[in-house]
file start_37.txt (compact mmCIF, C-alpha atoms and all ligand atoms)
# COMPACT_ATOMS: atom_id res chain seq x y z
CA MET J 1 -105.18 112.73 34.43
CA SER J 2 -105.43 109.17 33.17
CA GLN J 3 -108.22 108.57 30.65
CA ARG J 4 -109.46 105.92 28.25
CA THR J 5 -110.40 106.54 24.63
CA LEU J 6 -111.82 104.54 21.73
CA VAL J 7 -109.69 104.43 18.58
CA LEU J 8 -110.54 102.89 15.21
CA LEU J 9 -107.91 102.17 12.58
CA LYS J 10 -110.21 102.47 9.58
CA PRO J 11 -110.35 100.00 6.64
CA ASP J 12 -107.89 102.07 4.58
CA ALA J 13 -105.28 101.78 7.35
CA VAL J 14 -105.69 97.99 7.49
CA ARG J 15 -105.67 97.61 3.65
CA ARG J 16 -102.53 99.73 3.34
CA GLY J 17 -100.63 97.86 6.05
CA LEU J 18 -100.39 100.88 8.36
CA VAL J 19 -101.71 99.21 11.53
CA GLY J 20 -98.24 98.58 12.98
CA GLU J 21 -97.05 102.08 12.10
CA ILE J 22 -100.03 103.78 13.76
CA ILE J 23 -100.12 101.54 16.84
CA GLY J 24 -96.35 102.09 17.13
CA ARG J 25 -96.89 105.85 17.30
CA ILE J 26 -99.56 105.40 19.98
CA GLU J 27 -97.44 103.01 22.04
CA SER J 28 -94.41 105.32 21.78
CA LYS J 29 -96.12 108.03 23.81
CA ALA J 30 -94.98 107.91 27.44
CA GLY J 31 -97.38 106.02 29.64
CA TRP J 32 -100.00 105.22 27.00
CA THR J 33 -100.98 101.56 26.88
CA LEU J 34 -103.35 99.35 24.91
CA ALA J 35 -106.25 98.20 27.08
CA ALA J 36 -108.30 96.36 24.41
CA MET J 37 -107.86 95.52 20.72
CA GLU J 38 -109.88 93.71 18.03
CA LEU J 39 -109.73 93.29 14.22
CA ARG J 40 -113.26 93.15 12.82
CA THR J 41 -115.35 94.17 9.80
CA LEU J 42 -117.87 96.56 11.33
CA ASP J 43 -121.54 95.82 10.61
CA ARG J 44 -124.19 98.37 9.74
CA ALA J 45 -125.83 98.35 13.20
CA THR J 46 -122.51 99.08 14.92
CA LEU J 47 -121.69 101.86 12.45
CA GLU J 48 -125.15 103.45 12.80
CA GLN J 49 -124.61 103.68 16.55
CA HIS J 50 -121.07 104.96 16.21
CA TYR J 51 -121.86 107.65 13.61
CA ALA J 52 -125.39 108.54 14.81
CA GLU J 53 -124.42 112.24 15.04
CA HIS J 54 -123.80 112.34 11.26
CA GLU J 55 -127.05 110.70 10.09
CA GLY J 56 -128.64 112.71 7.28
CA ARG J 57 -125.43 114.51 6.30
CA PRO J 58 -124.38 114.20 2.63
CA PHE J 59 -121.25 112.23 3.54
CA TYR J 60 -123.11 109.76 5.79
CA GLU J 61 -123.89 106.95 3.30
CA PRO J 62 -120.49 106.97 1.57
CA LEU J 63 -118.90 106.98 5.03
CA MET J 64 -120.95 103.96 6.13
CA GLU J 65 -120.05 102.10 2.94
CA PHE J 66 -116.35 102.86 3.34
CA MET J 67 -116.33 101.89 7.02
CA ALA J 68 -117.92 98.50 6.17
CA SER J 69 -115.57 97.86 3.21
CA GLY J 70 -113.09 95.74 5.15
CA PRO J 71 -111.78 95.07 8.60
CA SER J 72 -110.97 97.85 11.05
CA VAL J 73 -108.94 97.63 14.24
CA ALA J 74 -110.80 98.83 17.34
CA LEU J 75 -108.66 99.81 20.32
CA VAL J 76 -109.08 101.16 23.80
CA VAL J 77 -106.05 103.23 24.75
CA GLU J 78 -105.38 104.30 28.30
CA GLY J 79 -103.11 107.01 29.67
CA GLU J 80 -102.40 110.61 30.49
CA ARG J 81 -104.67 113.02 28.56
CA VAL J 82 -105.12 110.34 25.91
CA ILE J 83 -108.43 111.71 24.54
CA GLU J 84 -106.97 115.05 23.47
CA GLY J 85 -103.62 113.37 22.77
CA ILE J 86 -104.81 110.90 20.14
CA ARG J 87 -106.89 113.58 18.39
CA ALA J 88 -103.63 115.57 18.13
CA LEU J 89 -101.67 112.51 16.96
CA ALA J 90 -104.36 111.89 14.27
CA GLY J 91 -104.54 115.49 13.00
CA PRO J 92 -107.57 117.33 11.60
CA THR J 93 -110.31 115.52 9.64
CA ASP J 94 -109.05 116.69 6.23
CA PRO J 95 -105.64 115.05 5.66
CA ILE J 96 -104.51 117.84 3.32
CA ALA J 97 -105.00 120.32 6.16
CA ALA J 98 -103.21 117.99 8.61
CA ALA J 99 -99.59 118.79 9.42
CA PRO J 100 -96.81 116.36 8.50
CA GLY J 101 -96.02 114.39 11.65
CA SER J 102 -99.66 113.58 12.28
CA VAL J 103 -101.11 110.27 11.06
CA ARG J 104 -103.53 111.93 8.65
CA GLY J 105 -100.89 114.46 7.56
CA ASP J 106 -98.32 111.78 6.84
CA PHE J 107 -100.52 109.17 5.14
CA GLY J 108 -103.82 110.69 3.97
CA THR J 109 -105.16 112.68 1.04
CA ILE J 110 -108.91 111.91 1.04
CA VAL J 111 -111.26 113.35 3.70
CA ARG J 112 -113.28 110.14 4.05
CA GLU J 113 -110.29 107.78 4.00
CA ASN J 114 -108.46 109.47 6.82
CA LEU J 115 -107.13 106.33 8.50
CA ILE J 116 -108.08 106.82 12.14
CA HIS J 117 -110.95 107.70 14.43
CA ALA J 118 -110.49 108.82 18.03
CA SER J 119 -113.16 109.83 20.56
CA ASP J 120 -113.51 113.60 20.79
CA SER J 121 -114.52 113.96 24.47
CA GLU J 122 -114.84 112.07 27.74
CA GLU J 123 -118.54 111.58 27.02
CA SER J 124 -117.90 110.25 23.48
CA ALA J 125 -115.21 107.93 24.80
CA GLN J 126 -117.60 106.37 27.34
CA ARG J 127 -120.32 105.98 24.71
CA GLU J 128 -118.01 104.57 22.01
CA MET J 129 -116.14 102.13 24.28
CA LYS J 130 -119.53 100.54 25.11
CA ILE J 131 -120.35 100.11 21.41
CA PHE J 132 -117.12 98.30 20.51
CA PHE J 133 -116.25 96.61 23.81
CA PRO J 134 -119.54 96.08 25.69
CA ASP J 135 -117.91 93.71 28.18
CA PHE J 136 -115.03 96.04 28.94
CA ALA J 137 -115.36 97.56 32.41
P1 LIG T 1 -113.72 110.70 13.38
O1 LIG T 1 -115.10 110.97 13.99
O2 LIG T 1 -113.74 109.56 12.39
O3 LIG T 1 -112.65 110.58 14.42
O4 LIG T 1 -113.26 111.95 12.54
P2 LIG T 1 -113.48 113.48 12.87
O5 LIG T 1 -114.09 113.66 14.23
O6 LIG T 1 -112.19 114.15 12.55
O7 LIG T 1 -114.52 113.86 11.75
P3 LIG T 1 -116.13 113.90 11.81
O8 LIG T 1 -116.55 115.28 11.46
O9 LIG T 1 -116.65 113.27 13.06
O10 LIG T 1 -116.51 112.99 10.57
C1 LIG T 1 -116.48 111.59 10.71
C2 LIG T 1 -115.79 110.98 9.52
O11 LIG T 1 -116.62 111.14 8.35
C3 LIG T 1 -115.80 111.28 7.21
N1 LIG T 1 -116.12 112.55 6.59
N2 LIG T 1 -116.26 112.67 5.30
N3 LIG T 1 -117.07 115.82 3.69
C4 LIG T 1 -116.78 114.54 3.75
O12 LIG T 1 -116.69 113.81 2.75
C5 LIG T 1 -116.56 113.97 5.07
N4 LIG T 1 -116.60 114.63 6.22
C6 LIG T 1 -116.30 113.73 7.19
C7 LIG T 1 -114.35 111.19 7.68
O13 LIG T 1 -113.95 109.83 7.59
C8 LIG T 1 -114.47 111.62 9.13
O14 LIG T 1 -113.38 111.16 9.88
MG MG T 2 -115.87 112.67 14.88

call {"tool": "encode", "arguments": {"input": "start_37.txt", "output": "C-alpha cells", "more": "lines below"}}
Ligand code: RTP
Ligand code: MG
result
Amino acid sequence: MSQRTLVLLKPDAVRRGLVGEIIGRIESKAGWTLAAMELRTLDRATLEQHYAEHEGRPFYEPLMEFMASGPSVALVVEGERVIEGIRALAGPTDPIAAAPGSVRGDFGTIVRENLIHASDSEESAQREMKIFFPDFA
C-alpha cells in the first residue's frame, strides 16, 4: 500500500551534517522516493501547529526552543508502508533505548535532540503534510 508521510530532519541533524546520511537511508529503501523537500528554520506558529498535541507538557517549551534553533529539513516521502517504515527506521523516541541500526540508535543520546520526526499515522501524515507543504496535493 503506497502512502505519503511527513518527515523532519531536526536542527541537530542539520547542524551535525547528518542530512545526507539520513536521506540516504530513506532513499535506499526499495520503492521509497522523495516527493517534496525544503530546508527552513521553523517559526513558532508552524511549530505550535505541528506539536499541538504536546502543549502543556513539561518538555513542550524546551522542545519548541530546540526546534526553532536552526534550520530543519522537511520532506514528504512516498512509498510502500512508508508511515510505519520511517518510524521503524527512526527508532523509539529515546535514542538510548533505540537499537543500533536505527537513526536515533546510531546517532542520538538526548531524548529531545533525537534527529528525526516522522508522522505516526495516516491521519497525522495528512495533517502534517498540510502544515509544511500547503500547496502539495
Ligand atoms: P516525533 O513526534 O518528533 O516524531 O517523535 P516521537 O513521536 O517519537 O515523540 P513524541 O512523544 O511525539 O515527542 C515529540 C518530541 O518531543 C521531544 N521530547 N522530549 N521528555 C522529554 O524531554 C521529551 N519527550 C519528547 C522529542 O524531540 C520527541 O521526538
Ligand atoms: Mg510524535

call {"tool": "closest_residue", "arguments": {"input": "start_37.txt", "among": "J:Val77, J:Leu42, J:Met37, J:Ile26", "to": "Ser119 of chain J", "atoms": "only C-alpha atoms"}}
result
J:Val77

call {"tool": "axis_aligned_box", "arguments": {"input": "start_37.txt", "around": "segment 15-19 of chain J", "padding_each_side": "4 Å", "output": "lines of an AutoDock Vina configuration file"}}
result
center_x = -103.0
center_y = 99.2
center_z = 7.4
size_x = 13.3
size_y = 11.3
size_z = 16.2

call {"tool": "residues_around", "arguments": {"input": "start_37.txt", "residues": "Asn114 of chain J", "least_positions_apart": "5", "cutoff": "7 Å", "atoms": "only C-alpha atoms", "output": "PyMOL selection string"}}
result
chain J and resi 93+95+104+108

call {"tool": "closest_residue", "arguments": {"input": "start_37.txt", "among": "J:Arg81, J:Ala90, J:Glu53, J:Thr41", "to": "Ala68 of chain J", "atoms": "all atoms listed in the file"}}
result
J:Thr41

call {"tool": "atom_distance", "arguments": {"input": "start_37.txt", "atom1": "atom CA of Leu63 of chain J", "atom2": "atom CA of Gly24 of chain J"}}
result
26.1 Å

call {"tool": "residues_near_ligand", "arguments": {"input": "start_37.txt", "ligand": "ligand MG 2 (chain T)", "cutoff": "10 Å", "atoms": "only C-alpha atoms and all ligand atoms", "output": "number ranges by chain"}}
result
J: 50-51, 53-54, 87, 93, 117-121, 124

call {"tool": "residues_near_ligand", "arguments": {"input": "start_37.txt", "ligand": "ligand LIG 1 (chain T)", "cutoff": "12 Å", "atoms": "only C-alpha atoms and all ligand atoms", "output": "ChimeraX atom specification"}}
result
/J:5-13,47,50-55,57-67,83-84,86-95,97-98,103-104,108-121,124-125,128

call {"tool": "atom_distance", "arguments": {"input": "start_37.txt", "atom1": "atom CA of Gly85 of chain J", "atom2": "atom CA of Gly101 of chain J"}}
result
13.5 Å
